[in-house]
>>> print(open('input-v1.cif').read())   # mmCIF, C-alpha atoms
data_entry
#
loop_
_atom_site.label_atom_id
_atom_site.label_comp_id
_atom_site.auth_asym_id
_atom_site.auth_seq_id
_atom_site.Cartn_x
_atom_site.Cartn_y
_atom_site.Cartn_z
CA MET X 1485 -23.77 22.07 18.29
CA PHE X 1486 -21.87 19.03 17.05
CA GLN X 1487 -19.35 19.42 14.25
CA ARG X 1488 -17.68 16.50 12.52
CA ASN X 1489 -14.77 16.67 10.09
CA ASP X 1490 -13.96 13.54 8.12
CA SER X 1491 -11.04 13.41 5.76
CA VAL X 1492 -9.68 10.67 3.54
CA ILE X 1493 -6.00 10.55 2.61
CA VAL X 1494 -5.10 8.38 -0.38
CA GLU X 1495 -1.40 7.53 -0.55
CA ASP X 1496 -0.04 5.84 -3.67
CA ARG X 1497 3.38 4.25 -3.59
CA TRP X 1498 5.07 2.63 -6.60
CA ARG X 1499 7.59 -0.15 -6.19
CA ASP X 1500 9.44 -2.47 -8.55
CA SER X 1501 9.12 -6.19 -8.22
CA ILE X 1502 10.63 -9.14 -10.06
CA ILE X 1503 8.57 -12.24 -10.70
CA LYS X 1504 10.54 -15.37 -11.48
CA LEU X 1505 8.91 -18.19 -13.40
CA PRO X 1506 10.69 -21.53 -13.15
CA ALA X 1507 11.98 -23.37 -16.17
CA ASP X 1508 9.34 -25.30 -18.10
CA SER X 1509 9.57 -28.40 -20.23
CA ALA X 1510 7.42 -30.62 -22.41
CA TRP X 1511 8.10 -33.84 -24.22
CA LEU X 1512 6.57 -36.21 -26.75
CA ARG X 1513 7.67 -39.81 -27.12
CA ALA X 1514 6.40 -42.12 -29.83
CA TRP X 1515 7.24 -45.81 -30.32
CA LEU X 1516 7.27 -46.73 -33.97
CA GLU X 1517 7.55 -50.21 -35.49
CA CYS X 1518 8.01 -51.46 -38.99
CA ASP X 1519 5.80 -54.22 -40.22
CA SER X 1520 6.85 -56.95 -42.61
CA THR X 1521 6.07 -54.80 -45.66
CA GLY X 1522 8.27 -51.91 -44.41
CA ASN X 1523 5.48 -49.60 -43.32
CA VAL X 1524 5.98 -47.65 -40.10
CA LEU X 1525 3.36 -48.21 -37.42
CA LEU X 1526 2.82 -46.06 -34.32
CA LYS X 1527 2.89 -48.43 -31.37
CA GLU X 1528 2.64 -46.01 -28.40
CA LEU X 1529 2.55 -42.23 -27.90
CA GLN X 1530 3.32 -40.37 -24.66
CA ALA X 1531 3.20 -36.59 -24.34
CA VAL X 1532 3.59 -34.01 -21.57
CA ASN X 1533 2.96 -30.38 -22.45
CA GLY X 1534 4.47 -27.27 -20.90
CA ARG X 1535 3.49 -23.60 -21.09
CA ASN X 1536 6.27 -21.78 -22.94
CA THR X 1537 8.60 -24.21 -24.62
CA SER X 1538 10.99 -24.60 -27.55
CA THR X 1539 11.07 -27.98 -29.22
CA GLY X 1540 13.75 -30.31 -30.56
CA ALA X 1541 13.30 -33.77 -32.12
CA THR X 1542 15.58 -36.81 -32.46
CA ILE X 1543 15.09 -40.19 -34.10
CA ILE X 1544 16.78 -43.25 -32.61
CA ARG X 1545 16.82 -46.39 -34.77
CA THR X 1546 17.46 -49.93 -33.66
CA ASP X 1547 17.00 -53.17 -35.60
CA THR X 1548 13.27 -53.54 -34.99
CA VAL X 1549 12.14 -50.28 -33.35
CA THR X 1550 12.56 -46.69 -34.41
CA LEU X 1551 12.21 -44.23 -31.55
CA PHE X 1552 11.14 -40.66 -32.40
CA GLU X 1553 11.72 -38.33 -29.46
CA VAL X 1554 10.73 -34.65 -29.18
CA ASN X 1555 12.13 -32.56 -26.31
CA CYS X 1556 10.77 -29.14 -25.46
CA ASN X 1557 12.63 -26.89 -23.04
CA THR X 1558 12.50 -23.26 -22.01
CA ASP X 1559 14.62 -21.10 -19.76
CA SER X 1560 13.36 -19.57 -16.59
CA LEU X 1561 11.72 -16.19 -17.05
CA GLU X 1562 12.09 -13.01 -15.06
CA LEU X 1563 9.47 -10.31 -15.39
CA LEU X 1564 9.99 -6.80 -14.04
CA LEU X 1565 6.72 -5.35 -12.80
CA LYS X 1566 5.79 -1.97 -11.41
CA ILE X 1567 3.35 -2.44 -8.56
CA ARG X 1568 1.22 0.30 -7.08
CA ASP X 1569 0.37 0.10 -3.39
CA ARG X 1570 -2.57 2.24 -2.40
CA ARG X 1571 -3.19 3.11 1.22
CA ILE X 1572 -6.37 4.82 2.22
CA LYS X 1573 -6.41 6.53 5.59
CA GLU X 1574 -9.69 7.76 6.95
CA LEU X 1575 -9.37 10.40 9.63
CA GLU X 1576 -12.31 11.32 11.77
CA ARG X 1577 -12.24 14.39 13.94
CA SER X 1578 -15.16 15.39 16.11
CA LEU X 1579 -15.65 18.66 17.91
CA GLU X 1580 -18.54 19.13 20.24
CA THR X 1581 -19.39 22.62 21.40
CA GLN X 1582 -22.22 23.55 23.67
CA VAL X 1583 -24.04 26.80 23.14
CA ARG X 1584 -25.64 28.13 26.30
CA GLU X 1585 -28.25 30.79 26.29
CA VAL X 1586 -27.53 33.80 28.54
CA GLU X 1587 -30.41 34.59 30.81
CA ARG X 1588 -29.75 38.32 31.01
CA GLN X 1589 -27.29 40.47 29.06
CA LEU X 1590 -25.06 42.93 30.89
CA THR X 1591 -26.05 46.56 30.61
CA GLY X 1592 -23.68 49.30 29.47
CA TRP X 1593 -23.20 50.58 33.03
CA GLN X 1594 -22.24 47.07 34.21
CA PHE X 1595 -19.63 46.82 31.42
CA ILE X 1596 -18.15 50.18 32.47
CA GLN X 1597 -18.00 49.11 36.12
CA MET X 1598 -16.33 45.85 35.18
CA TYR X 1599 -13.58 47.48 33.10
CA LEU X 1600 -13.05 50.34 35.59
CA GLY X 1601 -12.64 47.74 38.37
CA ARG X 1602 -9.97 45.94 36.34
CA LEU X 1603 -8.19 49.25 35.67
CA PHE X 1604 -8.35 50.16 39.37
CA LEU X 1605 -6.87 46.78 40.40
CA MET X 1606 -4.00 47.23 37.91
CA LEU X 1607 -3.27 50.70 39.32
CA ILE X 1608 -3.24 49.38 42.91
CA ALA X 1609 -0.85 46.57 41.86
CA ALA X 1610 1.44 49.09 40.12
CA LEU X 1611 1.45 51.37 43.19
CA ALA X 1612 2.25 48.41 45.46
CA VAL X 1613 5.21 47.49 43.25
CA LEU X 1614 6.48 51.09 43.21
CA ILE X 1615 6.16 51.41 47.00
CA GLY X 1616 8.00 48.10 47.43
CA ILE X 1617 10.82 49.27 45.18
CA LYS X 1618 11.14 52.59 47.10
CA LEU X 1619 11.28 50.82 50.45
CA TYR X 1620 13.85 48.37 49.15
CA LEU X 1621 16.07 51.18 47.82
CA LYS X 1622 15.91 53.17 51.13
CA ARG X 1623 17.49 50.35 53.13
#
>>> encode(input="input-v1.cif", output="structure tokens")
Amino acid sequence: MFQRNDSVIVEDRWRDSIIKLPADSAWLRAWLECDSTGNVLLKELQAVNGRNTSTGATIIRTDTVTLFEVNCNTDSLELLLKIRDRRIKELERSLETQVREVERQLTGWQFIQMYLGRLFLMLIAALAVLIGIKLYLKR
């Protein structure tokens, strides 16, 4: 007979973790010119985008060129997360027992002889101990 016991232990552990996102920025720069009639023309536009930004714009004027500058900045972010770690342990225990067939069963008389023999041996051992104690005390 072969017996197999499998068990699975699932251990969940919660831990806190902080994720830090670095500061992000974006900017937009446009070069504007005025033509002879006083109209503003866009000469060049450069832009870099960020993920989470707040914007601010400034206009810088010189004699011939007006510079319109937009700055976008954000602070670094910290997120507090609860993370669950799950460990799964699989235990496998095997027990192999062999069942042997008995060729002949003992009869009732054989059982009685066997237990009477054990009783007789215990009595002989007890008598030997008592005789040893008596001889020891007589000295």
>>> closest_residue(input="input-v1.cif", among="X:Ile1493, X:Leu1561, X:Cys1556, X:Ile1543", to="X:Leu1505", atoms="all atoms listed in the file")
X:Leu1561
>>> residues_around(input="input-v1.cif", residues="X:Ala1510", least_positions_apart="6", cutoff="7 Å", atoms="all atoms listed in the file", output="PDB file with C-alpha atoms, in the coordinates of the input")
ATOM      1  CA  VAL X1532       3.590 -34.010 -21.570  1.00  0.00           C
ATOM      2  CA  ASN X1533       2.960 -30.380 -22.450  1.00  0.00           C
ATOM      3  CA  GLY X1534       4.470 -27.270 -20.900  1.00  0.00           C
ATOM      4  CA  THR X1537       8.600 -24.210 -24.620  1.00  0.00           C
ATOM      5  CA  ASN X1555      12.130 -32.560 -26.310  1.00  0.00           C
ATOM      6  CA  CYS X1556      10.770 -29.140 -25.460  1.00  0.00           C
ATOM      7  CA  ASN X1557      12.630 -26.890 -23.040  1.00  0.00           C
TER       8      ASN X1557
END
>>> residues_near_point(input="input-v1.cif", point="(8.4, -1.3, -1.8)", cutoff="12 Å", atoms="all atoms listed in the file", output="VMD selection string")
chain X and resid 1496 to 1502 1565 to 1570
>>> atom_distance(input="input-v1.cif", atom1="atom CA of X:Val1549", atom2="atom CA of X:Gln1530")
15.9 Å
>>> resolve_selection(input="input-v1.cif", expression="the PyMOL selection byres ((chain X and resi 1554) around 10)", output="list in words")
Ala1510, Trp1511, Leu1512, Arg1513, Ala1514, Ala1531, Thr1539, Gly1540, Ala1541, Thr1542, Ile1543, Leu1551, Phe1552, Glu1553, Asn1555 and Cys1556 of chain X
>>> resolve_selection(input="input-v1.cif", expression="the PyMOL selection byres ((chain X and resi 1518) around 10)", output="PDB file with C-alpha atoms, in the frame of the given file")
ATOM      1  CA  LEU X1516       7.270 -46.730 -33.970  1.00  0.00           C
ATOM      2  CA  GLU X1517       7.550 -50.210 -35.490  1.00  0.00           C
ATOM      3  CA  ASP X1519       5.800 -54.220 -40.220  1.00  0.00           C
ATOM      4  CA  SER X1520       6.850 -56.950 -42.610  1.00  0.00           C
ATOM      5  CA  THR X1521       6.070 -54.800 -45.660  1.00  0.00           C
ATOM      6  CA  GLY X1522       8.270 -51.910 -44.410  1.00  0.00           C
ATOM      7  CA  ASN X1523       5.480 -49.600 -43.320  1.00  0.00           C
ATOM      8  CA  VAL X1524       5.980 -47.650 -40.100  1.00  0.00           C
ATOM      9  CA  LEU X1525       3.360 -48.210 -37.420  1.00  0.00           C
ATOM     10  CA  LEU X1526       2.820 -46.060 -34.320  1.00  0.00           C
ATOM     11  CA  LYS X1527       2.890 -48.430 -31.370  1.00  0.00           C
ATOM     12  CA  ASP X1547      17.000 -53.170 -35.600  1.00  0.00           C
ATOM     13  CA  THR X1548      13.270 -53.540 -34.990  1.00  0.00           C
ATOM     14  CA  VAL X1549      12.140 -50.280 -33.350  1.00  0.00           C
ATOM     15  CA  THR X1550      12.560 -46.690 -34.410  1.00  0.00           C
TER      16      THR X1550
END
>>> atom_distance(input="input-v1.cif", atom1="atom CA of X:Lys1504", atom2="atom CA of X:Asp1559")
10.9 Å
>>> atom_distance(input="input-v1.cif", atom1="atom CA of X:Lys1622", atom2="atom CA of X:Ile1608")
21.2 Å
>>> residues_around(input="input-v1.cif", residues="X:Lys1573", least_positions_apart="4", cutoff="10 Å", atoms="all atoms listed in the file", output="count of residues only")
5
